[in-house]
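**Q** I am attaching a structure below and will ask some questions about it afterwards.
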Amino acid sequence: MLMSSFIQKNTWLVAGFLYLLLIIYFANIPVFWDMYAQVHTAHYFLQTHFSDLFPNGGFYTDNGYFPLYAVYLAVCFKYLGFQLWVAHLSVFPFVLALFFQIQRFCASFFSFKKTAAVLGLMLIHPILLMQSVYFSSEIALAFACFWLLNSLINNRASHIVLASVFLCALNLRSLPFIFLLGVYFLFFKKKKEAWYLVFSFLLAAIWLFYHYLHTGWLIQNPESVEYRRLIGVPKMLQNVFCFFIHFFNYGNGVIVALLMLFLFFKKRGHELGLFAALFAVSVLLCCIPLSNPINARYFLPVYLFFIPCLVWAIGFLSLKKNSLFLFVYLLALWQTQFVTPPEKYGYSWDCSFQSLAYFEVQKQVDAYLTERDIKPKEVDAGYQLNFDDAFYLMNNKPKQYAWLSDTDMPTNKYVLQSNICNNYSAERNGYIQQQYVILQSFKKGWVCIDVYKKKSF
């Protein structure tokens with residue numbers, strides 16, 4: 001009896017332990033995708049003893065929000081060393097805290113069995129798995145979302161302040177979500193504690209003012225305008241299309257269809273779906289006006305909020321229908337890993353197990369160029385391919401191919417092309433086909449890297 005009670009209260013610990021094993025297993029893989037900028041910035045903070053919070057240009061990505069996660073990584077590196085395993089394990093406290101908050105969240109609506117079912121389904125969600133493997137700051141953001149919701153549901157004023165301020169400091173992308181939660185809990189749930197959310201907006205205003213005084217800009221960074229800028233209506237419509245692809249992806253379409261059936265035929269709904277919708281709207285408001293690709297990881301809290309909706313809905317069905325919907329959901333969830341190429345919508349490589357093949361292919365390319373005595377400075381390469389080994393491998397041994405930006409044409413003797421680069425350009429691809437000849441192609445799974453040489457050499 002005591003053991004059963006302990007397990008019910010601490011299922012989150014079991015889930016956390018399983019993810020710890022996952023993180024340890026992949027603790028030797030190099031730094032991938034957007035976390036490169038975080039690691040690079042964290043290293044800069046260490047070198048400057050945290051005296052400058054506004055590094056900009058190159059791979060120091062200043063998006064306008066407080067660099068909280070980079071500061072956190074810098075603190076970890078300061079006391080544990082600038083090493084890959086430290087970077088990977090840095091995400092574990094947030095993974096554990098996320099599962100704890102999810103269990104508390106589900107306990108407000110479900111029995112223990114349904115809560116355990118929710119945690120079980122979350123354990124196998126590809127985006128949660130891959131973002132944990134790549135020690136992404138999106139895990140911390142998802143944790144903060146559930147923490148804030150639990151605080152609002154349980155009327156804990158001090159936690160509302162802490163959670164909303166933490167969420168805001170992590171990423172200003174969360175501000176619309178905080179605002180929408182405030183409207184819902186204040187005017188529809190009549191909870192006066194929701195007024196404490198105003199502290200997050202005060203923090204945002206203070207930071208943005210402070211940031212503007214030091215940099216002279218607010219939304220559009222002049223140093224990164226080529227890949228992150230405000231766009232016109234035609235491009236916004238493309239982003240809207242991409243948004244809905246992600247919204248219904250990863251099995252979400254199955255859950256939404258099931259919820260609609262309940263709403264229209266059984267006149268039943270649940271506010272669980274509302275929380276998912278509110279965060280989805282916040283993603284829509286923040287990402288539609290900007291040029292950078294809408295990545296599936298931005299929707300992580302949406303996908304996690306919808307899983308309790310699925311468990312709630314199938315609870316009203318017969319065992320046969322229950323099993324059918326669950327099977328269709330899992331099929332839709334995992335087809336993203338084996339059917340749809342990650343680069344098709346938003347370059348969501350960091351949400352796919354297929355990306356793990358990249359590291360082996362990159363090794364083969366490096367070995368090929370080294371054997372032929374081709375110097376890194378002679379090779380143009382796009383985002384990810386041109387990461388400096390000092391931060392990509394975290395080995396303090398600089399080696400970096402020449403940077404090929406989103407808009408430039410290659411000028412070097414050699415150029416690397418890959419479907420994993422998120423700065424694909426049809427114009428540049430045509431230029432390469434005309435001016436260069438392919439020397440070698442390396443492929444594993446869905447990942448491909450081609451080595452080209454200029455025809456004039």
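Naming scheme: A, B, ... for chains in displayed order of the structure tokens; residues 1 onward per chain; ligands 1 onward as shown.
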What are the nearest atom pairs, with distances in Å to one decimal, for all residues of range 74-168 of chain A that come at most 12 Å from range 245-261 of chain A, using only C-alpha atoms, set out by chain and rising residue number as a tab-separated table?

**A**
residue	atom	partner	partner_atom	distance
A:Leu121	CA	A:Gly251	CA	11.5
A:Met122	CA	A:Tyr250	CA	11.9
A:Ile124	CA	A:Tyr250	CA	11.5
A:His125	CA	A:Tyr250	CA	8.4
A:Pro126	CA	A:Tyr250	CA	8.3
A:Ile127	CA	A:Tyr250	CA	8.7
A:Leu128	CA	A:Tyr250	CA	11.3

**Q** Looking only at the backbone, which of the residues in range 187-387 of chain A does DSSP tag as alpha helix (DSSP H), as a VMD selection string?

**A** chain A and resid 198 to 215 233 to 248 252 to 265 271 to 287 300 to 314 319 to 338 358 to 371

**Q** What does the structure give for the distance between CA of Leu175 in chain A and CA of Phe110 in chain A, in Å to one decimal?

**A**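 Straight-line distance from CA of Leu175 in chain A to CA of Phe110 in chain A works out to 28.6 Å.
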
**Q** For range 421-425 of chain A, please output as a list in words all residues within 7 Å (counting only C-alpha atoms; exclusion window: fewer than 4 positions along the same chain).

**A** Tyr347, Gly382, Tyr383, Gln384, Asp406 and Asn429 of chain A

**Q** Kindly save the residues from that selection, with N, CA and C atoms included, as a PDB file, in the first residue's frame.

**A**
ATOM      1  N   TYR A 347      12.309  23.392 -41.532  1.00  0.00           N
ATOM      2  CA  TYR A 347      13.629  22.844 -41.194  1.00  0.00           C
ATOM      3  C   TYR A 347      13.702  22.367 -39.736  1.00  0.00           C
ATOM      4  N   GLY A 382      27.238  26.579 -45.235  1.00  0.00           N
ATOM      5  CA  GLY A 382      26.118  27.255 -44.584  1.00  0.00           C
ATOM      6  C   GLY A 382      25.951  26.860 -43.134  1.00  0.00           C
ATOM      7  N   TYR A 383      24.836  27.314 -42.561  1.00  0.00           N
ATOM      8  CA  TYR A 383      24.554  27.127 -41.134  1.00  0.00           C
ATOM      9  C   TYR A 383      24.567  25.649 -40.747  1.00  0.00           C
ATOM     10  N   GLN A 384      25.217  25.337 -39.671  1.00  0.00           N
ATOM     11  CA  GLN A 384      25.483  24.027 -39.086  1.00  0.00           C
ATOM     12  C   GLN A 384      26.771  23.452 -39.649  1.00  0.00           C
ATOM     13  N   ASP A 406      22.917  33.577 -45.704  1.00  0.00           N
ATOM     14  CA  ASP A 406      21.658  33.271 -46.387  1.00  0.00           C
ATOM     15  C   ASP A 406      21.575  33.896 -47.774  1.00  0.00           C
ATOM     16  N   ASN A 429      21.520  27.747 -55.460  1.00  0.00           N
ATOM     17  CA  ASN A 429      21.650  26.372 -55.922  1.00  0.00           C
ATOM     18  C   ASN A 429      21.895  26.338 -57.429  1.00  0.00           C
TER      19      ASN A 429
END

**Q** Pick the closest to Cys287 in chain A from A:Leu300, A:Met236, A:Val328, A:Leu181: which is it, counting only C-alpha atoms?

**A** A:Met236

**Q** Asp388 in chain A: which residues within 7 Å, counting only C-alpha atoms, same-chain residues fewer than 5 positions away excluded, as a PyMOL selection string?

**A** chain A and resi 398-400

**Q** Can you pull out every residue within 12 Å of range 81-85 of chain A, counting only C-alpha atoms, but drop anything in the same chain fewer than 5 positions away, and send it as a VMD selection string?

**A** chain A and resid 23 to 32 35 to 36 39 to 40 42 to 44 46 to 47 73 to 76 90 to 92 133 to 135 389 to 396

**Q** Filtering to C-alpha atoms, could you give me those residues as a compact mmCIF listing (two decimals), in the first residue's frame?

**A**
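out.txt, written as the output of this step:
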# COMPACT_ATOMS: atom_id res chain seq x y z
CA ILE A 23 20.53 12.15 -21.98
CA ILE A 24 23.56 10.24 -20.67
CA TYR A 25 23.44 7.84 -23.64
CA PHE A 26 23.63 10.78 -26.10
CA ALA A 27 25.96 12.94 -23.99
CA ASN A 28 28.84 12.60 -26.49
CA ILE A 29 27.06 13.94 -29.58
CA PRO A 30 28.18 17.40 -30.74
CA VAL A 31 26.25 20.64 -30.37
CA PHE A 32 23.40 20.91 -32.84
CA MET A 35 22.09 25.48 -29.22
CA TYR A 36 25.38 26.33 -30.95
CA VAL A 39 26.98 27.55 -26.18
CA HIS A 40 28.98 30.16 -28.12
CA ALA A 42 27.83 31.16 -22.83
CA HIS A 43 31.54 30.80 -23.62
CA TYR A 44 31.71 34.54 -24.37
CA LEU A 46 32.83 33.17 -19.32
CA GLN A 47 35.62 34.91 -21.22
CA LEU A 73 24.92 27.40 -19.37
CA ALA A 74 27.83 29.73 -18.59
CA VAL A 75 27.37 29.13 -14.86
CA CYS A 76 27.33 25.35 -15.47
CA SER A 90 22.41 20.90 -18.06
CA VAL A 91 18.91 20.22 -19.44
CA PHE A 92 18.12 17.47 -16.91
CA VAL A 133 18.89 15.08 -26.39
CA TYR A 134 19.97 18.47 -27.78
CA PHE A 135 19.68 20.17 -24.33
CA ASP A 389 34.82 22.75 -33.68
CA ALA A 390 35.77 24.69 -30.55
CA PHE A 391 32.04 25.00 -29.82
CA TYR A 392 30.56 22.26 -32.02
CA LEU A 393 32.72 19.59 -30.36
CA MET A 394 33.55 21.77 -27.34
CA ASN A 395 37.19 20.67 -27.62
CA ASN A 396 38.89 24.13 -27.57

**Q** Just to confirm, what's the straight-line distance from CA of Leu230 in chain A to CA of Ala296 in chain A in Å (one decimal)?

**A**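 Those two atoms sit 20.1 Å apart.
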
**Q** Interatomic distance between CA of Ala70 in chain A and CA of Phe17 in chain A?

**A** 24.9 Å

**Q** If you count only C-alpha atoms, which residues fall within 9 Å of Ala142 in chain A, apart from same-chain ones fewer than 4 positions away, as a ChimeraX atom specification?

**A** /A:94,98,137-138,146-147,167,300-301,304

**Q** Any chance you can output those residues with C-alpha atoms as a PDB file, in the first residue's frame?

**A**
ATOM      1  CA  PHE A  94      14.367  21.259 -16.442  1.00  0.00           C
ATOM      2  CA  LEU A  98       8.746  19.592 -16.392  1.00  0.00           C
ATOM      3  CA  SER A 137      16.052  25.800 -23.930  1.00  0.00           C
ATOM      4  CA  GLU A 138      12.549  24.865 -25.194  1.00  0.00           C
ATOM      5  CA  PHE A 146       3.132  24.272 -16.875  1.00  0.00           C
ATOM      6  CA  TRP A 147       4.500  25.889 -13.713  1.00  0.00           C
ATOM      7  CA  LEU A 167       9.004  32.507 -18.666  1.00  0.00           C
ATOM      8  CA  LEU A 300       6.308  21.811 -27.881  1.00  0.00           C
ATOM      9  CA  PRO A 301       3.962  23.162 -25.151  1.00  0.00           C
ATOM     10  CA  LEU A 304       2.181  18.544 -24.560  1.00  0.00           C
TER      11      LEU A 304
END

**Q** Would you please work out which residue, of A:Phe143, A:Tyr303, A:Phe99, A:Tyr212, is nearest to Leu272 in chain A when using only C-alpha atoms?

**A**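 Distance minimum relative to Leu272 in chain A lands on A:Tyr303.
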
**Q** Using only C-alpha atoms, which of A:Val14, A:Leu404, A:Ala194, A:Leu186 sits nearest Leu152 in chain A?

**A**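 Going through A:Val14, A:Leu404, A:Ala194, A:Leu186 one by one, the smallest distance to Leu152 in chain A is for A:Ala194.
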
**Q** Using only C-alpha atoms, can you tell me which of A:Gln417, A:Ile288, A:Ala276, A:Phe338 comes closest to Leu237 in chain A?

**A**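 Going through A:Gln417, A:Ile288, A:Ala276, A:Phe338 one by one, the smallest distance to Leu237 in chain A is for A:Ile288.
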
**Q** As a count of residues only, please: the residues near Ser441 in chain A (cut-off 10 Å, only C-alpha atoms, same-chain neighbours under 3 positions excluded).

**A** 11

**Q** Choose the residue, out of A:Asn386, A:Thr411, A:Thr340, A:Ser323, that has the smallest atom-to-atom separation from Ile432 in chain A; count only C-alpha atoms.

**A** A:Thr411

**Q** Would you please work out which residue, of A:Val437, A:Leu310, A:Ser355, A:Ala97, is nearest to Phe327 in chain A when using only C-alpha atoms?

**A** A:Leu310

**Q** So which bits of range 179-427 of chain A end up strand (DSSP E or B) when you DSSP the backbone, as a compact mmCIF listing (two decimals) with N, CA and C atoms, in the first residue's frame?

**A**
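Result file selection.txt:
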# COMPACT_ATOMS: atom_id res chain seq x y z
N LEU A 230 11.39 41.54 -40.31
CA LEU A 230 9.96 41.67 -40.56
C LEU A 230 9.69 41.47 -42.04
N LEU A 290 7.82 37.29 -38.91
CA LEU A 290 9.28 37.20 -39.03
C LEU A 290 9.71 36.23 -40.12
N VAL A 379 36.83 26.49 -48.07
CA VAL A 379 35.52 25.84 -48.22
C VAL A 379 34.41 26.74 -47.69
N ASP A 380 33.44 27.06 -48.54
CA ASP A 380 32.24 27.79 -48.10
C ASP A 380 31.20 26.80 -47.59
N ALA A 381 30.55 27.16 -46.49
CA ALA A 381 29.53 26.26 -45.93
C ALA A 381 28.47 27.07 -45.20
N ALA A 402 34.54 28.46 -44.08
CA ALA A 402 34.14 29.85 -44.35
C ALA A 402 32.62 29.97 -44.33
N TRP A 403 32.13 31.05 -43.74
CA TRP A 403 30.70 31.26 -43.55
C TRP A 403 30.02 31.67 -44.86
N TYR A 414 35.95 25.69 -52.97
CA TYR A 414 35.05 24.57 -52.65
C TYR A 414 33.82 25.09 -51.91
N VAL A 415 32.75 24.32 -52.00
CA VAL A 415 31.54 24.67 -51.27
C VAL A 415 30.82 23.39 -50.83
N LEU A 416 30.25 23.44 -49.64
CA LEU A 416 29.47 22.31 -49.11
C LEU A 416 27.99 22.65 -49.18
N GLN A 417 27.20 21.73 -49.71
CA GLN A 417 25.76 21.88 -49.77
C GLN A 417 25.11 20.73 -49.00
N SER A 418 24.09 21.04 -48.20
CA SER A 418 23.41 19.98 -47.46
C SER A 418 21.94 20.33 -47.25
